[in-house]
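> Quick one, start_2.cif (mmCIF, C-alpha atoms):
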data_my_file
#
loop_
_atom_site.group_PDB
_atom_site.id
_atom_site.type_symbol
_atom_site.label_atom_id
_atom_site.label_comp_id
_atom_site.auth_asym_id
_atom_site.auth_seq_id
_atom_site.Cartn_x
_atom_site.Cartn_y
_atom_site.Cartn_z
ATOM 1 C CA MET L 1 174.216 69.018 171.462
ATOM 2 C CA TYR L 2 172.238 71.690 173.272
ATOM 3 C CA ARG L 3 169.754 70.267 175.831
ATOM 4 C CA GLY L 4 170.108 66.780 174.320
ATOM 5 C CA PHE L 5 168.776 67.681 170.869
ATOM 6 C CA THR L 6 170.297 66.148 167.772
ATOM 7 C CA SER L 7 171.494 68.575 165.104
ATOM 8 C CA GLU L 8 168.375 67.909 163.057
ATOM 9 C CA GLU L 9 166.056 68.398 166.026
ATOM 10 C CA LEU L 10 167.726 71.635 167.057
ATOM 11 C CA GLU L 11 167.569 72.962 163.506
ATOM 12 C CA LYS L 12 163.821 72.302 163.455
ATOM 13 C CA GLU L 13 163.241 73.873 166.872
ATOM 14 C CA TYR L 14 164.922 77.086 165.741
ATOM 15 C CA SER L 15 163.167 77.127 162.367
ATOM 16 C CA PRO L 16 159.781 78.775 163.060
ATOM 17 C CA SER L 17 158.781 77.947 159.483
ATOM 18 C CA SER L 18 158.607 74.281 160.559
ATOM 19 C CA MET L 19 155.336 75.115 162.319
ATOM 20 C CA VAL L 20 153.643 76.573 159.219
ATOM 21 C CA GLY L 21 154.542 73.976 156.600
ATOM 22 C CA GLY L 22 157.962 75.369 155.728
ATOM 23 C CA ASP L 23 156.872 78.132 153.342
ATOM 24 C CA ILE L 24 156.756 81.590 154.936
ATOM 25 C CA THR L 25 156.422 83.469 151.631
ATOM 26 C CA PRO L 26 152.730 84.295 152.217
ATOM 27 C CA TYR L 27 153.559 85.952 155.532
ATOM 28 C CA LEU L 28 156.488 87.934 154.157
ATOM 29 C CA THR L 29 154.243 89.089 151.328
ATOM 30 C CA ALA L 30 151.576 90.068 153.842
ATOM 31 C CA TYR L 31 154.083 92.110 155.866
ATOM 32 C CA LYS L 32 155.138 94.012 152.770
ATOM 33 C CA THR L 33 151.616 94.515 151.401
ATOM 34 C CA LEU L 34 150.070 95.572 154.704
ATOM 35 C CA SER L 35 152.959 97.924 155.442
ATOM 36 C CA ALA L 36 152.499 99.604 152.063
ATOM 37 C CA GLU L 37 148.774 99.926 152.755
ATOM 38 C CA GLN L 38 149.464 101.649 156.065
ATOM 39 C CA ARG L 39 151.730 104.144 154.334
ATOM 40 C CA ASP L 40 148.977 104.885 151.846
ATOM 41 C CA LEU L 41 146.305 105.269 154.522
ATOM 42 C CA LEU L 42 148.204 107.134 157.225
ATOM 43 C CA THR L 43 150.346 110.224 157.477
ATOM 44 C CA VAL L 44 153.976 109.099 157.474
ATOM 45 C CA ARG L 45 157.452 110.521 157.226
ATOM 46 C CA GLU L 46 159.457 107.919 155.371
ATOM 47 C CA ASN L 47 163.121 106.928 155.410
ATOM 48 C CA LEU L 48 164.254 109.438 158.013
ATOM 49 C CA LYS L 49 168.012 109.085 158.535
ATOM 50 C CA PHE L 50 169.094 108.576 162.118
ATOM 51 C CA GLY L 51 172.756 107.895 161.325
ATOM 52 C CA PRO L 52 175.459 108.025 158.649
ATOM 53 C CA SER L 53 174.888 104.623 157.019
ATOM 54 C CA GLU L 54 172.412 103.999 154.221
ATOM 55 C CA THR L 55 170.829 101.394 156.518
ATOM 56 C CA HIS L 56 170.185 103.917 159.307
ATOM 57 C CA LEU L 57 166.597 104.654 158.411
ATOM 58 C CA LEU L 58 163.197 104.753 160.095
ATOM 59 C CA ASP L 59 159.601 105.582 159.227
ATOM 60 C CA PHE L 60 157.571 107.784 161.575
ATOM 61 C CA PHE L 61 153.778 107.850 161.800
ATOM 62 C CA PRO L 62 152.617 110.828 163.891
ATOM 63 C CA ALA L 63 149.733 110.765 166.326
ATOM 64 C CA VAL L 64 146.961 113.360 166.351
ATOM 65 C CA ASP L 65 148.197 114.666 169.703
ATOM 66 C CA ALA L 66 151.595 116.366 169.396
ATOM 67 C CA ASP L 67 152.457 115.255 172.946
ATOM 68 C CA ALA L 68 151.429 111.638 172.445
ATOM 69 C CA PRO L 69 153.326 108.549 173.588
ATOM 70 C CA LEU L 70 155.615 106.889 171.039
ATOM 71 C CA HIS L 71 155.655 103.197 170.107
ATOM 72 C CA VAL L 72 158.885 102.003 168.454
ATOM 73 C CA PHE L 73 159.057 98.620 166.707
ATOM 74 C CA ILE L 74 162.179 96.569 165.859
ATOM 75 C CA HIS L 75 161.622 93.975 163.133
ATOM 76 C CA GLY L 76 162.703 90.349 163.112
ATOM 77 C CA GLY L 77 164.198 88.227 160.339
ATOM 78 C CA TYR L 78 166.844 86.324 162.338
ATOM 79 C CA TRP L 79 169.151 89.372 162.187
ATOM 80 C CA GLN L 80 169.641 88.802 158.447
ATOM 81 C CA ALA L 81 166.394 89.647 156.640
ATOM 82 C CA LEU L 82 163.508 92.130 156.417
ATOM 83 C CA SER L 83 163.577 95.888 156.984
ATOM 84 C CA HIS L 84 161.497 98.759 158.327
ATOM 85 C CA ARG L 85 159.733 98.824 154.955
ATOM 86 C CA ASP L 86 158.240 95.391 155.714
ATOM 87 C CA SER L 87 157.419 96.266 159.299
ATOM 88 C CA ALA L 88 154.623 98.813 159.517
ATOM 89 C CA SER L 89 151.568 96.549 159.400
ATOM 90 C CA MET L 90 150.803 97.473 163.017
ATOM 91 C CA ALA L 91 151.017 101.253 162.445
ATOM 92 C CA GLY L 92 147.235 101.645 162.271
ATOM 93 C CA PHE L 93 146.671 99.643 165.473
ATOM 94 C CA VAL L 94 149.130 101.840 167.325
ATOM 95 C CA THR L 95 148.143 105.267 166.026
ATOM 96 C CA GLN L 96 144.445 104.555 166.542
ATOM 97 C CA SER L 97 145.265 103.890 170.199
ATOM 98 C CA GLY L 98 146.656 107.432 170.471
ATOM 99 C CA SER L 99 150.395 106.837 170.113
ATOM 100 C CA ALA L 100 152.841 107.892 167.438
ATOM 101 C CA PHE L 101 154.632 104.979 165.782
ATOM 102 C CA ALA L 102 158.146 104.440 164.446
ATOM 103 C CA THR L 103 159.562 101.357 162.734
ATOM 104 C CA LEU L 104 163.350 100.980 162.692
ATOM 105 C CA ASN L 105 165.865 99.659 160.203
ATOM 106 C CA TYR L 106 169.290 98.343 161.192
ATOM 107 C CA THR L 107 172.288 96.830 159.429
ATOM 108 C CA LEU L 108 171.869 93.092 158.890
ATOM 109 C CA ALA L 109 174.311 90.194 159.146
ATOM 110 C CA PRO L 110 176.856 89.515 157.826
ATOM 111 C CA ASP L 111 177.505 93.255 157.435
ATOM 112 C CA ALA L 112 176.968 93.896 161.154
ATOM 113 C CA ARG L 113 177.428 91.946 164.356
ATOM 114 C CA LEU L 114 174.704 91.711 166.980
ATOM 115 C CA ASP L 115 176.174 94.315 169.319
ATOM 116 C CA GLN L 116 176.325 96.795 166.439
ATOM 117 C CA MET L 117 172.676 96.104 165.566
ATOM 118 C CA ALA L 118 171.627 96.773 169.168
ATOM 119 C CA LYS L 119 173.627 100.002 169.253
ATOM 120 C CA GLU L 120 172.031 101.146 165.995
ATOM 121 C CA CYS L 121 168.577 100.604 167.488
ATOM 122 C CA CYS L 122 169.632 102.607 170.537
ATOM 123 C CA ASP L 123 171.007 105.328 168.255
ATOM 124 C CA ALA L 124 167.636 105.479 166.491
ATOM 125 C CA LEU L 125 165.861 105.999 169.812
ATOM 126 C CA VAL L 126 168.271 108.762 170.783
ATOM 127 C CA TRP L 127 167.832 110.437 167.386
ATOM 128 C CA LEU L 128 164.061 110.278 167.758
ATOM 129 C CA ALA L 129 164.287 111.831 171.215
ATOM 130 C CA LYS L 130 166.309 114.738 169.833
ATOM 131 C CA GLN L 131 163.553 115.313 167.255
ATOM 132 C CA ARG L 132 160.698 114.998 169.753
ATOM 133 C CA SER L 133 159.505 118.603 169.428
ATOM 134 C CA GLU L 134 159.633 118.604 165.643
ATOM 135 C CA LEU L 135 158.064 115.157 165.237
ATOM 136 C CA GLY L 136 155.574 115.606 168.040
ATOM 137 C CA PHE L 137 155.713 113.011 170.840
ATOM 138 C CA ASP L 138 156.611 112.584 174.501
ATOM 139 C CA ALA L 139 159.977 110.839 174.959
ATOM 140 C CA THR L 140 159.115 110.011 178.570
ATOM 141 C CA ARG L 141 156.294 107.723 177.395
ATOM 142 C CA ILE L 142 157.890 105.250 175.015
ATOM 143 C CA THR L 143 156.818 101.697 174.279
ATOM 144 C CA LEU L 144 159.581 99.619 172.694
ATOM 145 C CA SER L 145 158.550 96.401 170.976
ATOM 146 C CA GLY L 146 160.348 93.785 168.927
ATOM 147 C CA HIS L 147 159.498 90.539 167.178
ATOM 148 C CA SER L 148 161.737 87.456 167.037
ATOM 149 C CA ALA L 149 165.293 88.757 166.493
ATOM 150 C CA GLY L 150 163.820 92.205 167.084
ATOM 151 C CA ALA L 151 162.711 91.118 170.566
ATOM 152 C CA HIS L 152 166.311 90.097 171.255
ATOM 153 C CA LEU L 153 167.541 93.531 170.141
ATOM 154 C CA ALA L 154 164.836 95.405 172.044
ATOM 155 C CA SER L 155 165.786 93.574 175.227
ATOM 156 C CA LEU L 156 169.454 94.433 174.727
ATOM 157 C CA VAL L 157 168.629 98.095 174.149
ATOM 158 C CA ALA L 158 166.666 98.228 177.402
ATOM 159 C CA SER L 159 169.299 96.359 179.424
ATOM 160 C CA ARG L 160 172.651 97.546 178.027
ATOM 161 C CA PHE L 161 172.017 101.198 177.173
ATOM 162 C CA GLU L 162 170.226 102.451 180.269
ATOM 163 C CA GLU L 163 172.600 105.389 180.830
ATOM 164 C CA VAL L 164 172.496 106.447 177.169
ATOM 165 C CA LEU L 165 168.703 106.413 177.173
ATOM 166 C CA GLN L 166 168.544 108.315 180.455
ATOM 167 C CA ILE L 167 170.865 111.057 179.191
ATOM 168 C CA ALA L 168 168.660 111.417 176.090
ATOM 169 C CA GLY L 169 165.571 111.877 178.269
ATOM 170 C CA ILE L 170 164.043 108.583 177.149
ATOM 171 C CA GLU L 171 161.815 106.589 179.484
ATOM 172 C CA ILE L 172 160.649 103.162 178.354
ATOM 173 C CA LYS L 173 157.252 102.694 179.947
ATOM 174 C CA ASN L 174 156.549 99.382 178.217
ATOM 175 C CA LEU L 175 158.830 96.784 176.672
ATOM 176 C CA ILE L 176 156.913 94.284 174.515
ATOM 177 C CA LEU L 177 158.947 91.217 173.520
ATOM 178 C CA ILE L 178 157.238 88.998 170.951
ATOM 179 C CA SER L 179 158.368 85.409 170.193
ATOM 180 C CA GLY L 180 161.961 86.314 170.891
ATOM 181 C CA ILE L 181 165.365 84.712 171.320
ATOM 182 C CA TYR L 182 166.866 85.204 174.774
ATOM 183 C CA ASP L 183 169.626 82.557 174.804
ATOM 184 C CA LEU L 184 172.029 82.593 171.856
ATOM 185 C CA GLU L 185 173.782 79.315 172.718
ATOM 186 C CA PRO L 186 171.513 77.080 170.584
ATOM 187 C CA ILE L 187 171.567 79.587 167.708
ATOM 188 C CA ALA L 188 175.309 78.985 167.382
ATOM 189 C CA GLU L 189 174.583 75.303 166.675
ATOM 190 C CA THR L 190 172.185 75.938 163.773
ATOM 191 C CA SER L 191 172.377 77.273 160.238
ATOM 192 C CA VAL L 192 171.115 80.619 161.536
ATOM 193 C CA ASN L 193 174.672 81.153 162.737
ATOM 194 C CA ASP L 194 176.188 80.944 159.243
ATOM 195 C CA PRO L 195 176.023 84.733 158.637
ATOM 196 C CA LEU L 196 176.344 85.592 162.347
ATOM 197 C CA GLN L 197 179.442 83.573 163.262
ATOM 198 C CA LEU L 198 178.797 84.105 166.958
ATOM 199 C CA THR L 199 181.810 83.946 169.245
ATOM 200 C CA PRO L 200 181.670 82.449 172.759
ATOM 201 C CA SER L 201 182.046 85.967 174.149
ATOM 202 C CA GLU L 202 179.091 87.246 172.091
ATOM 203 C CA ILE L 203 176.930 84.308 173.161
ATOM 204 C CA GLU L 204 177.649 85.121 176.799
ATOM 205 C CA GLN L 205 177.435 88.913 176.614
ATOM 206 C CA LEU L 206 174.592 89.332 174.120
ATOM 207 C CA SER L 207 172.113 86.765 175.418
ATOM 208 C CA PRO L 208 169.266 88.655 177.121
ATOM 209 C CA LEU L 209 169.046 85.878 179.720
ATOM 210 C CA ALA L 210 172.292 87.315 181.106
ATOM 211 C CA HIS L 211 170.808 90.798 181.539
ATOM 212 C CA VAL L 212 167.877 92.535 183.200
ATOM 213 C CA PRO L 213 166.172 95.358 181.240
ATOM 214 C CA THR L 214 166.278 97.826 184.133
ATOM 215 C CA SER L 215 165.347 100.827 181.976
ATOM 216 C CA ALA L 216 161.859 99.440 181.256
ATOM 217 C CA GLN L 217 159.080 100.043 183.782
ATOM 218 C CA LYS L 218 156.978 97.119 182.550
ATOM 219 C CA VAL L 219 157.961 94.127 180.409
ATOM 220 C CA SER L 220 155.482 91.972 178.493
ATOM 221 C CA VAL L 221 156.888 88.681 177.207
ATOM 222 C CA LEU L 222 154.583 87.230 174.551
ATOM 223 C CA VAL L 223 154.999 84.062 172.533
ATOM 224 C CA ALA L 224 152.721 82.313 170.054
ATOM 225 C CA GLU L 225 151.012 79.116 171.166
ATOM 226 C CA LEU L 226 152.060 77.575 167.839
ATOM 227 C CA ASP L 227 155.691 78.625 168.066
ATOM 228 C CA THR L 228 158.159 75.764 168.448
ATOM 229 C CA ALA L 229 158.645 74.295 171.920
ATOM 230 C CA GLU L 230 162.067 75.939 172.203
ATOM 231 C CA PHE L 231 160.717 79.422 171.410
ATOM 232 C CA VAL L 232 158.022 78.937 174.047
ATOM 233 C CA ARG L 233 160.536 77.618 176.594
ATOM 234 C CA GLN L 234 162.953 80.504 176.029
ATOM 235 C CA SER L 235 160.155 83.037 176.523
ATOM 236 C CA ARG L 236 158.949 81.361 179.715
ATOM 237 C CA GLU L 237 162.461 81.144 181.139
ATOM 238 C CA TYR L 238 163.247 84.751 180.313
ATOM 239 C CA ALA L 239 160.022 85.991 181.915
ATOM 240 C CA GLU L 240 160.761 83.933 185.012
ATOM 241 C CA LYS L 241 164.327 85.287 185.164
ATOM 242 C CA LEU L 242 162.969 88.838 185.113
ATOM 243 C CA ARG L 243 160.342 88.050 187.757
ATOM 244 C CA LYS L 244 162.999 86.661 190.078
ATOM 245 C CA ASN L 245 165.003 89.858 189.588
ATOM 246 C CA GLY L 246 162.132 92.083 190.647
ATOM 247 C CA VAL L 247 161.062 93.251 187.193
ATOM 248 C CA ASN L 248 157.400 94.104 186.610
ATOM 249 C CA VAL L 249 156.911 91.390 183.990
ATOM 250 C CA SER L 250 154.003 89.474 182.505
ATOM 251 C CA PHE L 251 154.045 86.356 180.347
ATOM 252 C CA GLU L 252 151.372 85.408 177.828
ATOM 253 C CA LEU L 253 150.993 82.466 175.471
ATOM 254 C CA LYS L 254 149.009 83.912 172.548
ATOM 255 C CA GLN L 255 146.387 81.284 171.789
ATOM 256 C CA GLY L 256 145.875 80.152 168.193
ATOM 257 C CA MET L 257 148.738 82.274 166.848
ATOM 258 C CA HIS L 258 152.044 81.215 165.305
ATOM 259 C CA HIS L 259 155.411 82.891 164.915
ATOM 260 C CA PHE L 260 154.521 84.765 161.745
ATOM 261 C CA ASP L 261 150.964 85.948 162.341
ATOM 262 C CA ILE L 262 151.368 87.063 165.956
ATOM 263 C CA ILE L 263 152.410 90.536 164.777
ATOM 264 C CA LEU L 264 149.338 90.852 162.564
ATOM 265 C CA HIS L 265 147.001 91.048 165.573
ATOM 266 C CA ALA L 266 146.225 94.388 167.232
ATOM 267 C CA GLU L 267 146.085 92.856 170.714
ATOM 268 C CA THR L 268 149.790 92.020 170.511
ATOM 269 C CA PHE L 269 150.752 95.687 170.521
ATOM 270 C CA LEU L 270 148.137 97.429 172.631
ATOM 271 C CA VAL L 271 149.138 98.002 176.258
#
The structure in this file should be written as structure tokens.

Amino acid sequence: MYRGFTSEELEKEYSPSSMVGGDITPYLTAYKTLSAEQRDLLTVRENLKFGPSETHLLDFFPAVDADAPLHVFIHGGYWQALSHRDSASMAGFVTQSGSAFATLNYTLAPDARLDQMAKECCDALVWLAKQRSELGFDATRITLSGHSAGAHLASLVASRFEEVLQIAGIEIKNLILISGIYDLEPIAETSVNDPLQLTPSEIEQLSPLAHVPTSAQKVSVLVAELDTAEFVRQSREYAEKLRKNGVNVSFELKQGMHHFDIILHAETFLV
């Protein structure tokens, strides 16, 4: 098995719920409740369609300044759960800092493969850039963040779609990767792979460890202190890979936080 783990050990290492007693329902409820509260408190344009599918949706929270930076968030859920509707709890943190905020939806497994999900997130960024004047933000000052599976997708967007982003006039000033997956090989050996059915080619081509996010000016790799040892190791190794490739990267172990509450803290998103 991967790195000498037994099947049972590997399953536990890639089950973040194992660090919070196994029941993540309170956190999923919090995501949904806090996101709804942000929509009630803030100005928001909901369920904007960035593509032809019913899953191609995003919510946009404008900043006071019509030429403000934009922060775009890609949700987690192991590529098979959650949506943009559960993923706006940080909208207030971001808009109060002076940025506009957008939270993206994408097609989940098994209805989409990982490369399609990454392309959909890129398509959302391009659509946003085309609407920059109408929505009111500066596409040359974008922060792209993602949590868990969303960190994986955000990294792929920044590393595999550089030319597409450049043509659209998009500049990623900050890439914030939160408790992410950067090596897909162990995922293929766990139950997470049941809806994904990763192929050897996908594992090789879609693991961020194989790519450098050259379109991002600064990369912040964050991971919760109370994440599993494998999540922490993957984050450390990815940050070190970027450092060795000349990327302006920082690594931070977020003290006292775990996989599910790390995105409920303002400091995680403020750059």
> Kindly give the distance, in Å, that separates atom CA of Ser250 of chain L and atom CA of Val271 of chain L, rounded to a single decimal.
11.6 Å
> Kindly indicate which residue among L:Ala100, L:Val20, L:Tyr31, L:Gly77 lies nearest to Val44 of chain L, using all atoms listed in the file for the distances.
L:Ala100
> Step by step, work through what the PyMOL selection byres ((chain L and resi 105) around 8) selects in the shown file, and finish by giving those residues as a PyMOL selection string.
chain L and resi 55-58+74-75+83-84+103-104+106-107+121
> May I have the residues from that selection written out with C-alpha atoms, as an mmCIF file, in the frame of the given file?

data_model
loop_
_atom_site.group_PDB
_atom_site.id
_atom_site.type_symbol
_atom_site.label_atom_id
_atom_site.label_comp_id
_atom_site.auth_asym_id
_atom_site.auth_seq_id
_atom_site.Cartn_x
_atom_site.Cartn_y
_atom_site.Cartn_z
ATOM 1 C CA THR L 55 170.829 101.394 156.518
ATOM 2 C CA HIS L 56 170.185 103.917 159.307
ATOM 3 C CA LEU L 57 166.597 104.654 158.411
ATOM 4 C CA LEU L 58 163.197 104.753 160.095
ATOM 5 C CA ILE L 74 162.179 96.569 165.859
ATOM 6 C CA HIS L 75 161.622 93.975 163.133
ATOM 7 C CA SER L 83 163.577 95.888 156.984
ATOM 8 C CA HIS L 84 161.497 98.759 158.327
ATOM 9 C CA THR L 103 159.562 101.357 162.734
ATOM 10 C CA LEU L 104 163.350 100.980 162.692
ATOM 11 C CA TYR L 106 169.290 98.343 161.192
ATOM 12 C CA THR L 107 172.288 96.830 159.429
ATOM 13 C CA CYS L 121 168.577 100.604 167.488
#
> What would the selection look like, as a ChimeraX atom specification, if the PyMOL selection byres ((chain L and resi 132) around 12) were run on the coordinates I just shared?
/L:60,62,66-70,100,125-131,133-142,168-170
> Evaluate the PyMOL selection byres ((chain L and resi 47) around 7) here and jot the selected residues down as a PDB file with C-alpha atoms, keeping the file's coordinate frame.

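Written out: selection.pdb:
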ATOM      1  CA  ARG L  45     157.452 110.521 157.226  1.00  0.00           C
ATOM      2  CA  GLU L  46     159.457 107.919 155.371  1.00  0.00           C
ATOM      3  CA  LEU L  48     164.254 109.438 158.013  1.00  0.00           C
ATOM      4  CA  LYS L  49     168.012 109.085 158.535  1.00  0.00           C
ATOM      5  CA  LEU L  57     166.597 104.654 158.411  1.00  0.00           C
ATOM      6  CA  LEU L  58     163.197 104.753 160.095  1.00  0.00           C
ATOM      7  CA  ASP L  59     159.601 105.582 159.227  1.00  0.00           C
TER       8      ASP L  59
END
> Which one of L:Val157, L:Val221, L:Ile187, L:Ile203 sits closest to Leu10 of chain L if you count only C-alpha atoms?
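Closest to Leu10 of chain L of all the choices is L:Ile187.
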> Have a look at atom CA of Glu267 of chain L and atom CA of Phe93 of chain L and let me know their distance in Å, one decimal.
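Distance reported for this atom pair: 8.6 Å.
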> Skip segment 229-246 of chain L itself and residues of its chain fewer than 5 positions away, then list as JSON, numbers by chain all residues within 7 Å of it, counting only C-alpha atoms.
{"L": [13, 179, 180, 181, 182, 209, 212, 221, 223, 251]}
> List every protein, DNA or RNA residue that has an atom no more than 12 Å from (149.3, 109.2, 156.9) in the file's coordinate frame, counting only C-alpha atoms, and report them as a PyMOL selection string.
chain L and resi 35-46+59-64+88+91-92+95-96+100-101
> Keeping C-alpha atoms, export the residues of the selection given above as a CSV table (one decimal), in the frame of the given file.

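This went into result-v3.csv:
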chain,number,residue,atom,x,y,z
L,35,SER,CA,153.0,97.9,155.4
L,36,ALA,CA,152.5,99.6,152.1
L,37,GLU,CA,148.8,99.9,152.8
L,38,GLN,CA,149.5,101.6,156.1
L,39,ARG,CA,151.7,104.1,154.3
L,40,ASP,CA,149.0,104.9,151.8
L,41,LEU,CA,146.3,105.3,154.5
L,42,LEU,CA,148.2,107.1,157.2
L,43,THR,CA,150.3,110.2,157.5
L,44,VAL,CA,154.0,109.1,157.5
L,45,ARG,CA,157.5,110.5,157.2
L,46,GLU,CA,159.5,107.9,155.4
L,59,ASP,CA,159.6,105.6,159.2
L,60,PHE,CA,157.6,107.8,161.6
L,61,PHE,CA,153.8,107.8,161.8
L,62,PRO,CA,152.6,110.8,163.9
L,63,ALA,CA,149.7,110.8,166.3
L,64,VAL,CA,147.0,113.4,166.4
L,88,ALA,CA,154.6,98.8,159.5
L,91,ALA,CA,151.0,101.3,162.4
L,92,GLY,CA,147.2,101.6,162.3
L,95,THR,CA,148.1,105.3,166.0
L,96,GLN,CA,144.4,104.6,166.5
L,100,ALA,CA,152.8,107.9,167.4
L,101,PHE,CA,154.6,105.0,165.8
> Looking at all atoms listed in the file, which of L:Glu185, L:His211, L:Glu120, L:Leu253 is the one that sits closest to Arg3 of chain L?
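When distances to Arg3 of chain L are compared using all atoms listed in the file, the smallest one comes from L:Glu185.
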> If you count all atoms listed in the file, which residues fall within 10 Å of Leu264 of chain L, apart from same-chain ones fewer than 3 positions away, as a list in words?
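Answer for this query is Tyr27, Ala30, Tyr31, Leu34, Ser89, Met90, Phe93, Met257, Phe260, Asp261, Glu267, Thr268 and Phe269 of chain L.
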